[in-house]
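Colleague: Input upload-v7.cif, format and content: mmCIF, C-alpha atoms (C1' of nucleotides).
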```cif
data_model
loop_
_atom_site.group_PDB
_atom_site.id
_atom_site.type_symbol
_atom_site.label_atom_id
_atom_site.label_comp_id
_atom_site.auth_asym_id
_atom_site.auth_seq_id
_atom_site.Cartn_x
_atom_site.Cartn_y
_atom_site.Cartn_z
ATOM 1 C CA MET Y 1 -75.082 103.615 86.111
ATOM 2 C CA THR Y 2 -75.902 101.128 88.823
ATOM 3 C CA ASP Y 3 -78.348 99.860 86.240
ATOM 4 C CA ASP Y 4 -75.741 97.806 84.438
ATOM 5 C CA ARG Y 5 -74.551 96.321 87.693
ATOM 6 C CA LEU Y 6 -78.080 95.090 88.395
ATOM 7 C CA SER Y 7 -78.142 93.433 84.975
ATOM 8 C CA GLN Y 8 -74.841 91.739 85.725
ATOM 9 C CA VAL Y 9 -76.039 90.403 89.060
ATOM 10 C CA PHE Y 10 -79.353 89.105 87.744
ATOM 11 C CA SER Y 11 -77.615 87.600 84.743
ATOM 12 C CA ALA Y 12 -74.973 85.948 86.908
ATOM 13 C CA LEU Y 13 -77.630 84.302 89.071
ATOM 14 C CA ALA Y 14 -79.669 83.168 86.080
ATOM 15 C CA ASP Y 15 -77.405 80.121 85.763
ATOM 16 C CA PRO Y 16 -78.097 77.125 88.061
ATOM 17 C CA THR Y 17 -74.425 76.187 88.351
ATOM 18 C CA ARG Y 18 -73.546 79.728 89.324
ATOM 19 C CA ARG Y 19 -76.358 79.842 91.883
ATOM 20 C CA ASP Y 20 -75.064 76.583 93.309
ATOM 21 C CA ILE Y 21 -71.566 78.031 93.576
ATOM 22 C CA VAL Y 22 -72.963 81.030 95.431
ATOM 23 C CA ALA Y 23 -74.899 78.701 97.732
ATOM 24 C CA ARG Y 24 -71.744 76.762 98.532
ATOM 25 C CA LEU Y 25 -69.688 79.902 99.072
ATOM 26 C CA ALA Y 26 -72.311 81.069 101.550
ATOM 27 C CA ALA Y 27 -71.209 78.107 103.670
ATOM 28 C CA GLY Y 28 -67.541 79.046 103.417
ATOM 29 C CA ASP Y 29 -64.738 80.178 101.113
ATOM 30 C CA ALA Y 30 -63.426 77.665 98.567
ATOM 31 C CA THR Y 31 -60.862 77.349 95.787
ATOM 32 C CA VAL Y 32 -61.671 76.937 92.098
ATOM 33 C CA ASN Y 33 -60.766 73.256 92.155
ATOM 34 C CA GLU Y 34 -62.883 72.593 95.221
ATOM 35 C CA LEU Y 35 -65.794 74.397 93.627
ATOM 36 C CA ALA Y 36 -65.374 72.539 90.346
ATOM 37 C CA GLU Y 37 -65.257 69.078 91.888
ATOM 38 C CA PRO Y 38 -69.016 68.256 92.140
ATOM 39 C CA TYR Y 39 -69.896 69.297 88.581
ATOM 40 C CA ASP Y 40 -69.271 67.215 85.490
ATOM 41 C CA VAL Y 41 -67.870 70.108 83.500
ATOM 42 C CA THR Y 42 -64.211 71.032 83.122
ATOM 43 C CA VAL Y 43 -62.472 73.189 85.683
ATOM 44 C CA GLN Y 44 -62.037 75.828 82.977
ATOM 45 C CA ALA Y 45 -65.792 76.126 82.625
ATOM 46 C CA VAL Y 46 -66.111 76.642 86.385
ATOM 47 C CA SER Y 47 -63.303 79.188 86.237
ATOM 48 C CA LYS Y 48 -65.388 81.105 83.713
ATOM 49 C CA HIS Y 49 -68.456 80.925 85.933
ATOM 50 C CA ILE Y 50 -66.468 82.316 88.828
ATOM 51 C CA ARG Y 51 -65.226 85.103 86.573
ATOM 52 C CA VAL Y 52 -68.820 86.053 85.823
ATOM 53 C CA LEU Y 53 -69.688 86.082 89.526
ATOM 54 C CA GLU Y 54 -66.585 88.153 90.214
ATOM 55 C CA ASP Y 55 -67.436 90.696 87.507
ATOM 56 C CA ALA Y 56 -70.907 90.979 88.990
ATOM 57 C CA GLY Y 57 -69.340 91.792 92.356
ATOM 58 C CA LEU Y 58 -70.765 88.666 93.984
ATOM 59 C CA VAL Y 59 -67.395 87.026 94.573
ATOM 60 C CA SER Y 60 -63.958 88.306 95.521
ATOM 61 C CA ARG Y 61 -60.716 86.358 95.534
ATOM 62 C CA SER Y 62 -57.506 86.329 97.479
ATOM 63 C CA ARG Y 63 -54.300 84.438 96.859
ATOM 64 C CA ASP Y 64 -52.844 81.462 98.759
ATOM 65 C CA ALA Y 65 -49.810 80.146 96.855
ATOM 66 C CA GLN Y 66 -51.145 78.915 93.521
ATOM 67 C CA ARG Y 67 -54.681 78.733 94.890
ATOM 68 C CA ARG Y 68 -57.286 81.508 94.477
ATOM 69 C CA PRO Y 69 -59.807 81.182 97.322
ATOM 70 C CA CYS Y 70 -63.240 82.597 96.469
ATOM 71 C CA HIS Y 71 -65.234 84.608 98.944
ATOM 72 C CA LEU Y 72 -68.919 85.541 98.712
ATOM 73 C CA GLU Y 73 -69.639 89.284 98.763
ATOM 74 C CA ALA Y 74 -73.156 89.341 100.166
ATOM 75 C CA GLU Y 75 -73.602 93.111 100.038
ATOM 76 C CA VAL Y 76 -74.543 93.004 96.344
ATOM 77 C CA PHE Y 77 -77.619 91.028 97.300
ATOM 78 C CA ASP Y 78 -79.026 94.237 98.765
ATOM 79 C CA LEU Y 79 -79.049 95.823 95.320
ATOM 80 C CA MET Y 80 -81.403 93.116 94.099
ATOM 81 C CA THR Y 81 -83.651 92.955 97.132
ATOM 82 C CA LYS Y 82 -84.012 96.737 97.057
ATOM 83 C CA TRP Y 83 -85.076 96.657 93.424
ATOM 84 C CA ILE Y 84 -87.448 93.753 93.919
ATOM 85 C CA GLU Y 85 -89.005 95.061 97.112
ATOM 86 C CA ARG Y 86 -89.579 98.490 95.628
ATOM 87 C CA TYR Y 87 -91.743 97.241 92.783
ATOM 88 C CA ARG Y 88 -93.441 94.566 94.788
ATOM 89 C CA ARG Y 89 -94.496 97.196 97.306
ATOM 90 C CA GLU Y 90 -95.630 99.490 94.499
ATOM 91 C CA ALA Y 91 -97.728 96.715 92.989
ATOM 92 C CA GLU Y 92 -99.191 95.779 96.345
ATOM 93 C CA ASP Y 93 -100.100 99.377 97.154
ATOM 94 C CA ARG Y 94 -101.836 99.707 93.825
ATOM 95 C CA PHE Y 95 -103.731 96.509 94.530
ATOM 96 C CA ARG Y 96 -104.822 97.869 97.888
ATOM 97 C CA ARG Y 97 -106.022 101.131 96.305
ATOM 98 C CA LEU Y 98 -107.950 99.221 93.661
ATOM 99 C CA ASP Y 99 -109.517 97.160 96.404
ATOM 100 C CA ALA Y 100 -110.630 100.322 98.190
ATOM 101 C CA VAL Y 101 -112.153 101.676 94.961
ATOM 102 C CA LEU Y 102 -114.100 98.475 94.417
ATOM 103 C CA GLU Y 103 -115.437 98.619 97.948
ATOM 104 C CA GLN Y 104 -116.447 102.233 97.404
ATOM 105 C CA MET Y 105 -118.257 101.275 94.203
ATOM 106 C CA ASP Y 106 -120.084 98.569 96.081
ATOM 107 C CA GLU Y 107 -121.492 101.065 98.557
ATOM 108 C CA GLN Y 108 -122.271 103.869 96.118
ATOM 109 C CA PRO Y 109 -122.514 102.356 92.648
ATOM 110 C CA MET Y 110 -122.261 104.636 89.569
ATOM 111 C CA THR Y 111 -123.568 107.951 90.940
ATOM 112 C CA GLY Y 112 -122.937 109.734 87.626
ATOM 113 C CA GLY Y 113 -119.313 110.785 88.182
ATOM 114 C CA PRO Y 114 -116.809 111.314 85.351
ATOM 115 C CA ALA Y 115 -117.540 108.809 82.649
ATOM 116 C CA LYS Y 116 -114.135 108.087 81.092
ATOM 117 C CA GLY Y 117 -110.470 107.946 82.050
ATOM 118 C CA ALA Y 118 -110.896 108.394 85.792
ATOM 119 C CA ALA Y 119 -108.144 106.014 86.880
ATOM 120 C CA SER Y 120 -104.532 106.756 85.943
ATOM 121 C CA MET W 1 -88.094 71.667 89.447
ATOM 122 C CA THR W 2 -88.638 75.133 90.815
ATOM 123 C CA ASP W 3 -84.951 75.534 90.044
ATOM 124 C CA ASP W 4 -85.577 76.217 86.395
ATOM 125 C CA ARG W 5 -88.252 78.740 87.274
ATOM 126 C CA LEU W 6 -85.711 80.666 89.320
ATOM 127 C CA SER W 7 -83.367 80.709 86.316
ATOM 128 C CA GLN W 8 -86.158 82.030 84.142
ATOM 129 C CA VAL W 9 -87.007 84.821 86.578
ATOM 130 C CA PHE W 10 -83.407 85.925 87.107
ATOM 131 C CA SER W 11 -82.753 85.735 83.377
ATOM 132 C CA ALA W 12 -85.887 87.736 82.592
ATOM 133 C CA LEU W 13 -84.838 90.523 84.948
ATOM 134 C CA ALA W 14 -81.263 90.575 83.645
ATOM 135 C CA ASP W 15 -82.399 92.807 80.780
ATOM 136 C CA PRO W 16 -82.778 96.561 81.496
ATOM 137 C CA THR W 17 -85.698 96.982 79.095
ATOM 138 C CA ARG W 18 -87.501 94.096 80.743
ATOM 139 C CA ARG W 19 -86.828 95.501 84.213
ATOM 140 C CA ASP W 20 -88.212 98.830 83.021
ATOM 141 C CA ILE W 21 -91.339 97.121 81.735
ATOM 142 C CA VAL W 22 -91.791 95.448 85.112
ATOM 143 C CA ALA W 23 -91.286 98.793 86.838
ATOM 144 C CA ARG W 24 -93.969 100.402 84.696
ATOM 145 C CA LEU W 25 -96.380 97.517 85.175
ATOM 146 C CA ALA W 26 -95.957 97.907 88.918
ATOM 147 C CA ALA W 27 -97.630 101.297 88.457
ATOM 148 C CA GLY W 28 -100.527 99.799 86.508
ATOM 149 C CA ASP W 29 -101.538 97.405 83.739
ATOM 150 C CA ALA W 30 -100.672 98.382 80.158
ATOM 151 C CA THR W 31 -100.997 97.096 76.596
ATOM 152 C CA VAL W 32 -98.106 96.020 74.381
ATOM 153 C CA ASN W 33 -98.287 99.223 72.334
ATOM 154 C CA GLU W 34 -98.337 101.413 75.418
ATOM 155 C CA LEU W 35 -95.364 99.553 76.813
ATOM 156 C CA ALA W 36 -93.471 99.745 73.521
ATOM 157 C CA GLU W 37 -93.960 103.486 73.040
ATOM 158 C CA PRO W 38 -91.020 104.867 75.111
ATOM 159 C CA TYR W 39 -88.368 102.564 73.637
ATOM 160 C CA ASP W 40 -86.715 103.024 70.273
ATOM 161 C CA VAL W 41 -87.074 99.379 69.299
ATOM 162 C CA THR W 42 -89.879 97.845 67.260
ATOM 163 C CA VAL W 43 -93.113 96.763 68.900
ATOM 164 C CA GLN W 44 -92.229 93.193 67.905
ATOM 165 C CA ALA W 45 -89.110 93.332 70.016
ATOM 166 C CA VAL W 46 -91.157 94.508 72.990
ATOM 167 C CA SER W 47 -93.681 91.777 72.305
ATOM 168 C CA LYS W 48 -90.837 89.278 72.607
ATOM 169 C CA HIS W 49 -89.682 90.827 75.882
ATOM 170 C CA ILE W 50 -93.186 90.524 77.273
ATOM 171 C CA ARG W 51 -93.248 86.890 76.184
ATOM 172 C CA VAL W 52 -90.104 86.262 78.219
ATOM 173 C CA LEU W 53 -91.631 87.938 81.272
ATOM 174 C CA GLU W 54 -94.803 85.916 80.773
ATOM 175 C CA ASP W 55 -92.901 82.627 80.502
ATOM 176 C CA ALA W 56 -91.098 83.519 83.716
ATOM 177 C CA GLY W 57 -94.461 83.984 85.421
ATOM 178 C CA LEU W 58 -93.839 87.670 86.049
ATOM 179 C CA VAL W 59 -96.597 88.895 83.747
ATOM 180 C CA SER W 60 -100.072 87.646 82.903
ATOM 181 C CA ARG W 61 -102.319 88.915 80.156
ATOM 182 C CA SER W 62 -106.025 89.291 79.535
ATOM 183 C CA ARG W 63 -107.883 90.267 76.384
ATOM 184 C CA ASP W 64 -109.696 93.504 75.567
ATOM 185 C CA ALA W 65 -110.758 93.402 71.904
ATOM 186 C CA GLN W 66 -107.516 93.329 69.891
ATOM 187 C CA ARG W 67 -105.546 94.587 72.870
ATOM 188 C CA ARG W 68 -103.660 92.318 75.320
ATOM 189 C CA PRO W 69 -103.334 94.166 78.645
ATOM 190 C CA CYS W 70 -100.335 93.062 80.701
ATOM 191 C CA HIS W 71 -100.523 92.582 84.439
ATOM 192 C CA LEU W 72 -97.636 92.207 86.858
ATOM 193 C CA GLU W 73 -97.647 88.999 88.914
ATOM 194 C CA ALA W 74 -95.709 90.070 91.971
ATOM 195 C CA GLU W 75 -95.877 86.708 93.751
ATOM 196 C CA VAL W 76 -92.931 85.367 91.751
ATOM 197 C CA PHE W 77 -90.760 87.986 93.411
ATOM 198 C CA ASP W 78 -91.009 85.948 96.605
ATOM 199 C CA LEU W 79 -89.164 83.090 94.938
ATOM 200 C CA MET W 80 -86.178 85.336 94.364
ATOM 201 C CA THR W 81 -86.185 87.094 97.708
ATOM 202 C CA LYS W 82 -86.431 83.735 99.476
ATOM 203 C CA TRP W 83 -83.401 82.426 97.599
ATOM 204 C CA ILE W 84 -81.393 85.597 98.121
ATOM 205 C CA GLU W 85 -82.257 86.016 101.789
ATOM 206 C CA ARG W 86 -81.436 82.406 102.564
ATOM 207 C CA TYR W 87 -77.854 82.639 101.408
ATOM 208 C CA ARG W 88 -77.313 86.160 102.630
ATOM 209 C CA ARG W 89 -78.382 85.039 106.090
ATOM 210 C CA GLU W 90 -76.165 81.961 105.840
ATOM 211 C CA ALA W 91 -73.172 84.127 104.873
ATOM 212 C CA GLU W 92 -73.896 86.598 107.648
ATOM 213 C CA ASP W 93 -74.206 83.868 110.261
ATOM 214 C CA ARG W 94 -70.898 82.413 109.156
ATOM 215 C CA PHE W 95 -69.351 85.858 109.414
ATOM 216 C CA ARG W 96 -70.706 86.256 112.937
ATOM 217 C CA ARG W 97 -69.314 82.869 113.957
ATOM 218 C CA LEU W 98 -65.910 83.743 112.513
ATOM 219 C CA ASP W 99 -66.022 86.998 114.430
ATOM 220 C CA ALA W 100 -66.674 85.106 117.670
ATOM 221 C CA VAL W 101 -63.738 82.788 116.999
ATOM 222 C CA LEU W 102 -61.434 85.732 116.423
ATOM 223 C CA GLU W 103 -62.553 87.313 119.679
ATOM 224 C CA GLN W 104 -61.943 84.029 121.484
ATOM 225 C CA MET W 105 -58.455 83.835 119.991
ATOM 226 C CA ASP W 106 -57.787 87.355 121.180
ATOM 227 C CA GLU W 107 -58.549 86.413 124.782
ATOM 228 C CA GLN W 108 -56.846 83.021 124.818
ATOM 229 C CA PRO W 109 -54.295 82.947 121.989
ATOM 230 C CA MET W 110 -52.957 79.567 120.799
ATOM 231 C CA THR W 111 -53.231 77.431 123.914
ATOM 232 C CA GLY W 112 -51.940 74.343 122.118
ATOM 233 C CA GLY W 113 -55.266 72.976 120.821
ATOM 234 C CA PRO W 114 -55.617 70.769 117.714
ATOM 235 C CA ALA W 115 -53.080 71.926 115.173
ATOM 236 C CA LYS W 116 -54.698 71.124 111.806
ATOM 237 C CA GLY W 117 -58.157 70.894 110.191
ATOM 238 C CA ALA W 118 -60.144 72.257 113.108
ATOM 239 C CA ALA W 119 -62.568 74.366 111.075
ATOM 240 C CA SER W 120 -64.944 72.662 108.591
ATOM 241 C "C1'" DC O 1 -117.152 93.026 53.095
ATOM 242 C "C1'" DA O 2 -113.135 96.053 53.364
ATOM 243 C "C1'" DC O 3 -110.297 98.746 56.432
ATOM 244 C "C1'" DG O 4 -107.497 100.150 60.238
ATOM 245 C "C1'" DT O 5 -105.541 98.851 64.621
ATOM 246 C "C1'" DC O 6 -103.161 95.830 67.953
ATOM 247 C "C1'" DT O 7 -100.482 91.914 68.270
ATOM 248 C "C1'" DT O 8 -97.963 87.846 67.073
ATOM 249 C "C1'" DC O 9 -95.395 84.653 63.902
ATOM 250 C "C1'" DA O 10 -91.517 83.547 60.689
ATOM 251 C "C1'" DA O 11 -87.163 84.031 58.913
ATOM 252 C "C1'" DC O 12 -83.070 86.016 59.352
ATOM 253 C "C1'" DC O 13 -78.676 88.267 61.469
ATOM 254 C "C1'" DA O 14 -74.908 89.636 64.721
ATOM 255 C "C1'" DA O 15 -73.480 89.193 69.316
ATOM 256 C "C1'" DT O 16 -73.281 86.601 73.506
ATOM 257 C "C1'" DT O 17 -73.021 82.390 76.164
ATOM 258 C "C1'" DG O 18 -71.672 77.924 78.075
ATOM 259 C "C1'" DG O 19 -69.127 74.480 76.890
ATOM 260 C "C1'" DT O 20 -64.881 72.136 74.888
ATOM 261 C "C1'" DT O 21 -59.515 71.132 74.152
ATOM 262 C "C1'" DA O 22 -54.812 72.713 74.170
ATOM 263 C "C1'" DA O 23 -51.388 75.785 75.739
ATOM 264 C "C1'" DA O 24 -49.614 79.119 79.011
ATOM 265 C "C1'" DT O 25 -48.876 81.059 83.655
ATOM 266 C "C1'" DA O 26 -48.064 81.012 88.764
ATOM 267 C "C1'" DC O 27 -46.211 78.954 92.410
ATOM 268 C "C1'" DA O 28 -44.203 75.123 95.803
ATOM 269 C "C1'" DA O 29 -41.371 71.336 96.246
ATOM 270 C "C1'" DA O 30 -37.793 68.020 94.906
ATOM 271 C "C1'" DT I 1 -33.777 73.351 87.456
ATOM 272 C "C1'" DT I 2 -37.246 70.106 86.785
ATOM 273 C "C1'" DT I 3 -41.633 68.493 88.236
ATOM 274 C "C1'" DG I 4 -46.260 68.840 89.853
ATOM 275 C "C1'" DT I 5 -50.431 71.324 91.050
ATOM 276 C "C1'" DA I 6 -53.814 75.166 90.565
ATOM 277 C "C1'" DT I 7 -55.550 78.400 87.542
ATOM 278 C "C1'" DT I 8 -56.202 81.210 83.439
ATOM 279 C "C1'" DT I 9 -55.961 82.270 78.437
ATOM 280 C "C1'" DA I 10 -56.873 81.236 73.546
ATOM 281 C "C1'" DA I 11 -59.290 79.417 69.917
ATOM 282 C "C1'" DC I 12 -63.097 77.228 68.678
ATOM 283 C "C1'" DC I 13 -68.199 75.430 68.424
ATOM 284 C "C1'" DA I 14 -73.306 75.025 68.939
ATOM 285 C "C1'" DA I 15 -77.107 77.157 71.051
ATOM 286 C "C1'" DT I 16 -79.378 81.184 72.687
ATOM 287 C "C1'" DT I 17 -80.538 86.047 72.574
ATOM 288 C "C1'" DG I 18 -82.058 90.648 71.210
ATOM 289 C "C1'" DG I 19 -82.795 92.862 67.402
ATOM 290 C "C1'" DT I 20 -84.620 93.464 62.500
ATOM 291 C "C1'" DT I 21 -88.251 93.222 58.406
ATOM 292 C "C1'" DG I 22 -92.295 91.305 56.367
ATOM 293 C "C1'" DA I 23 -96.484 88.758 56.556
ATOM 294 C "C1'" DA I 24 -100.336 86.992 59.045
ATOM 295 C "C1'" DG I 25 -104.096 86.808 62.886
ATOM 296 C "C1'" DA I 26 -107.556 88.810 65.720
ATOM 297 C "C1'" DC I 27 -110.900 92.137 66.308
ATOM 298 C "C1'" DG I 28 -113.970 96.509 66.177
ATOM 299 C "C1'" DT I 29 -115.858 99.880 62.645
ATOM 300 C "C1'" DG I 30 -117.124 102.070 58.173
#
```
Write out the structure in this file as structure tokens.
Modeller:
Amino acid sequence: MTDDRLSQVFSALADPTRRDIVARLAAGDATVNELAEPYDVTVQAVSKHIRVLEDAGLVSRSRDAQRRPCHLEAEVFDLMTKWIERYRREAEDRFRRLDAVLEQMDEQPMTGGPAKGAAS
Amino acid sequence: MTDDRLSQVFSALADPTRRDIVARLAAGDATVNELAEPYDVTVQAVSKHIRVLEDAGLVSRSRDAQRRPCHLEAEVFDLMTKWIERYRREAEDRFRRLDAVLEQMDEQPMTGGPAKGAAS
DNA sequence: CACGTCTTCAACCAATTGGTTAAATACAAA
DNA sequence: TTTGTATTTAACCAATTGGTTGAAGACGTG
């Protein structure tokens, strides 16, 4: 199921600190300590946040001595945008159709068609 | 802060049931009972889910006798796509720049430039 | 009014989450 | 080998979450 992956990604980005980390990684790779510096939480807490981002596939890590540089994996973003765009388009199309129906009704109002349950 | 709104939206969509509800509302408005029918949880649980979507600004509701039809508010999607696209673009641009640097290095390798801290 | 239907509110529960401190691990340098 | 730095693991805590059951509101109909 890609479904669970979507949940992970949305959930990961639901946290402001995590979104901020992603934003900063978009500007360049960084180590855990570097990432932790601006926040007033412990480095362990940030380590956990990074773990969540990693599990969601948003971040990957390499090794440089005792450091673990974090790298943003932007491909996962596509998963979200695809989901979002699909339903936005669907909703917009429906809106357009409804608009057309209303226009139609304006020209030719209530000419004794089917009385109930016409729209699905 | 629009920041908190973003958290709400991402958090709301982090749940598969809630995403499914959004997907179905994209196809047309529906009441709480109609929405609850396919799931094997109580209608109260679904009512709570809808509340979360409503608080996030993803769903609005009208009144039709004792029914409360739910309507998808697709505009909020823009908030997410804007955030996502911004950082994806940023990451891609950075990648492109890095690529250019590597190409440059391939043509003119190590001509004794600055030794340390050149890249920011 | 009494009744049935649709929906929410209240109280509760188990699991998850975001944070903490303290201890362990991984590695470079002295 | 000891020391220092970067990071993770473990155990814990309070708050939140997704679910439950049971009762209450809101509203048309008999």
Colleague: Output the residue selection produced by the PyMOL selection byres ((chain O and resi 21-24) around 8) on the file above, formatted as number ranges by chain.
Modeller: O: 20, 25; I: 9
Colleague: Any chance you could tabulate, as a Markdown table, the residues of chain O at most 8 Å from chain Y with each one's nearest atom pair and distance in Å to one decimal, using all atoms listed in the file, in chain and rising number order?
Modeller:
```
| residue | atom | partner | partner_atom | distance |
| --- | --- | --- | --- | --- |
| O:DG18 | C1' | Y:Ala45 | CA | 7.6 |
| O:DG19 | C1' | Y:Ala45 | CA | 6.8 |
| O:DA26 | C1' | Y:Gln66 | CA | 6.0 |
| O:DC27 | C1' | Y:Gln66 | CA | 5.1 |
| O:DA28 | C1' | Y:Ala65 | CA | 7.6 |
```
Colleague: Provide as a list in words the residues of chain I at most 10 Å from chain Y, counting all atoms listed in the file.
Modeller: DT5, DA6, DT7, DT8 and DT9 of chain I
Colleague: Just how far from CA of Asp93 in chain W is CA of Glu75 in chain Y, in Å to one decimal?
Modeller: 13.8 Å
Colleague: Within 10 Å of chain W, which residues belong to chain Y? Use all atoms listed in the file and report them as a PyMOL selection string.
Modeller: chain Y and resi 3-16+19+22-28+71-78+80-95+119-120
Colleague: Superposition of chain Y onto chain W by least squares over all sequentially paired C-alpha atoms; the transformed chain is requested as a compact mmCIF listing (two decimals) with C-alpha atoms, in the coordinates of the input.
Modeller:
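Written output follows (superposed_31.txt):
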```txt
# COMPACT_ATOMS: atom_id res chain seq x y z
CA MET Y 1 -87.97 71.65 89.66
CA THR Y 2 -88.56 75.15 90.94
CA ASP Y 3 -84.90 75.55 90.11
CA ASP Y 4 -85.57 76.22 86.45
CA ARG Y 5 -88.23 78.75 87.32
CA LEU Y 6 -85.68 80.68 89.38
CA SER Y 7 -83.34 80.72 86.39
CA GLN Y 8 -86.13 82.05 84.21
CA VAL Y 9 -86.98 84.84 86.62
CA PHE Y 10 -83.39 85.94 87.15
CA SER Y 11 -82.73 85.74 83.44
CA ALA Y 12 -85.86 87.74 82.63
CA LEU Y 13 -84.81 90.53 84.98
CA ALA Y 14 -81.25 90.58 83.69
CA ASP Y 15 -82.38 92.82 80.82
CA PRO Y 16 -82.75 96.57 81.52
CA THR Y 17 -85.68 96.98 79.13
CA ARG Y 18 -87.49 94.10 80.77
CA ARG Y 19 -86.82 95.51 84.24
CA ASP Y 20 -88.20 98.83 83.05
CA ILE Y 21 -91.33 97.12 81.76
CA VAL Y 22 -91.79 95.45 85.13
CA ALA Y 23 -91.29 98.80 86.86
CA ARG Y 24 -93.96 100.39 84.69
CA LEU Y 25 -96.38 97.50 85.17
CA ALA Y 26 -95.97 97.91 88.91
CA ALA Y 27 -97.65 101.29 88.44
CA GLY Y 28 -100.53 99.79 86.47
CA ASP Y 29 -101.53 97.38 83.71
CA ALA Y 30 -100.67 98.34 80.13
CA THR Y 31 -100.98 97.05 76.57
CA VAL Y 32 -98.07 95.97 74.37
CA ASN Y 33 -98.26 99.14 72.31
CA GLU Y 34 -98.33 101.36 75.37
CA LEU Y 35 -95.36 99.51 76.80
CA ALA Y 36 -93.45 99.71 73.52
CA GLU Y 37 -93.94 103.44 73.03
CA PRO Y 38 -91.00 104.85 75.10
CA TYR Y 39 -88.34 102.54 73.65
CA ASP Y 40 -86.67 102.99 70.29
CA VAL Y 41 -87.02 99.35 69.33
CA THR Y 42 -89.82 97.81 67.28
CA VAL Y 43 -93.04 96.71 68.90
CA GLN Y 44 -92.17 93.14 67.92
CA ALA Y 45 -89.04 93.29 70.05
CA VAL Y 46 -91.12 94.48 73.02
CA SER Y 47 -93.63 91.72 72.32
CA LYS Y 48 -90.76 89.25 72.67
CA HIS Y 49 -89.65 90.82 75.93
CA ILE Y 50 -93.15 90.51 77.30
CA ARG Y 51 -93.21 86.87 76.22
CA VAL Y 52 -90.07 86.25 78.26
CA LEU Y 53 -91.60 87.93 81.30
CA GLU Y 54 -94.77 85.91 80.80
CA ASP Y 55 -92.87 82.61 80.55
CA ALA Y 56 -91.06 83.52 83.75
CA GLY Y 57 -94.43 83.99 85.45
CA LEU Y 58 -93.81 87.68 86.08
CA VAL Y 59 -96.57 88.89 83.77
CA SER Y 60 -100.04 87.63 82.90
CA ARG Y 61 -102.30 88.88 80.15
CA SER Y 62 -105.99 89.25 79.54
CA ARG Y 63 -107.86 90.19 76.40
CA ASP Y 64 -109.69 93.43 75.55
CA ALA Y 65 -110.74 93.33 71.89
CA GLN Y 66 -107.51 93.22 69.89
CA ARG Y 67 -105.52 94.50 72.86
CA ARG Y 68 -103.64 92.24 75.31
CA PRO Y 69 -103.30 94.12 78.62
CA CYS Y 70 -100.30 93.02 80.69
CA HIS Y 71 -100.52 92.58 84.42
CA LEU Y 72 -97.62 92.20 86.86
CA GLU Y 73 -97.65 88.99 88.92
CA ALA Y 74 -95.72 90.07 92.00
CA GLU Y 75 -95.87 86.72 93.78
CA VAL Y 76 -92.90 85.39 91.78
CA PHE Y 77 -90.75 88.02 93.43
CA ASP Y 78 -91.01 86.00 96.63
CA LEU Y 79 -89.17 83.12 94.98
CA MET Y 80 -86.18 85.37 94.40
CA THR Y 81 -86.19 87.15 97.74
CA LYS Y 82 -86.44 83.79 99.51
CA TRP Y 83 -83.42 82.48 97.65
CA ILE Y 84 -81.40 85.64 98.17
CA GLU Y 85 -82.28 86.07 101.82
CA ARG Y 86 -81.46 82.47 102.62
CA TYR Y 87 -77.87 82.70 101.44
CA ARG Y 88 -77.33 86.20 102.68
CA ARG Y 89 -78.40 85.08 106.14
CA GLU Y 90 -76.17 82.01 105.89
CA ALA Y 91 -73.20 84.16 104.94
CA GLU Y 92 -73.91 86.65 107.69
CA ASP Y 93 -74.22 83.92 110.32
CA ARG Y 94 -70.92 82.47 109.23
CA PHE Y 95 -69.36 85.91 109.48
CA ARG Y 96 -70.72 86.29 113.00
CA ARG Y 97 -69.32 82.89 114.02
CA LEU Y 98 -65.93 83.76 112.57
CA ASP Y 99 -66.03 87.00 114.49
CA ALA Y 100 -66.69 85.11 117.71
CA VAL Y 101 -63.77 82.76 117.00
CA LEU Y 102 -61.43 85.68 116.44
CA GLU Y 103 -62.51 87.25 119.70
CA GLN Y 104 -61.93 83.95 121.47
CA MET Y 105 -58.45 83.72 119.97
CA ASP Y 106 -57.73 87.21 121.18
CA GLU Y 107 -58.47 86.25 124.77
CA GLN Y 108 -56.83 82.83 124.77
CA PRO Y 109 -54.33 82.74 121.91
CA MET Y 110 -53.04 79.36 120.64
CA THR Y 111 -53.33 77.18 123.76
CA GLY Y 112 -52.11 74.08 121.89
CA GLY Y 113 -55.46 72.83 120.55
CA PRO Y 114 -55.82 70.78 117.35
CA ALA Y 115 -53.25 71.97 114.89
CA LYS Y 116 -54.89 71.44 111.49
CA GLY Y 117 -58.33 71.42 109.89
CA ALA Y 118 -60.30 72.68 112.88
CA ALA Y 119 -62.75 74.84 110.96
CA SER Y 120 -65.15 73.24 108.48
```
Colleague: Centre and edge lengths of an axis-aligned box around all listed atoms of range 27-44 of chain Y, with 8 Å added on each side, are to be given in Å to one decimal, as lines of an AutoDock Vina configuration file.
Modeller:
```
center_x = -66.0
center_y = 73.7
center_z = 93.3
size_x = 26.4
size_y = 29.0
size_z = 36.7
```
Colleague: I would like the residues chosen by the PyMOL selection byres ((chain I and resi 3) around 8) on the shown file; could you give them as a PyMOL selection string?
Modeller: (chain O and resi 30) or (chain I and resi 2+4)
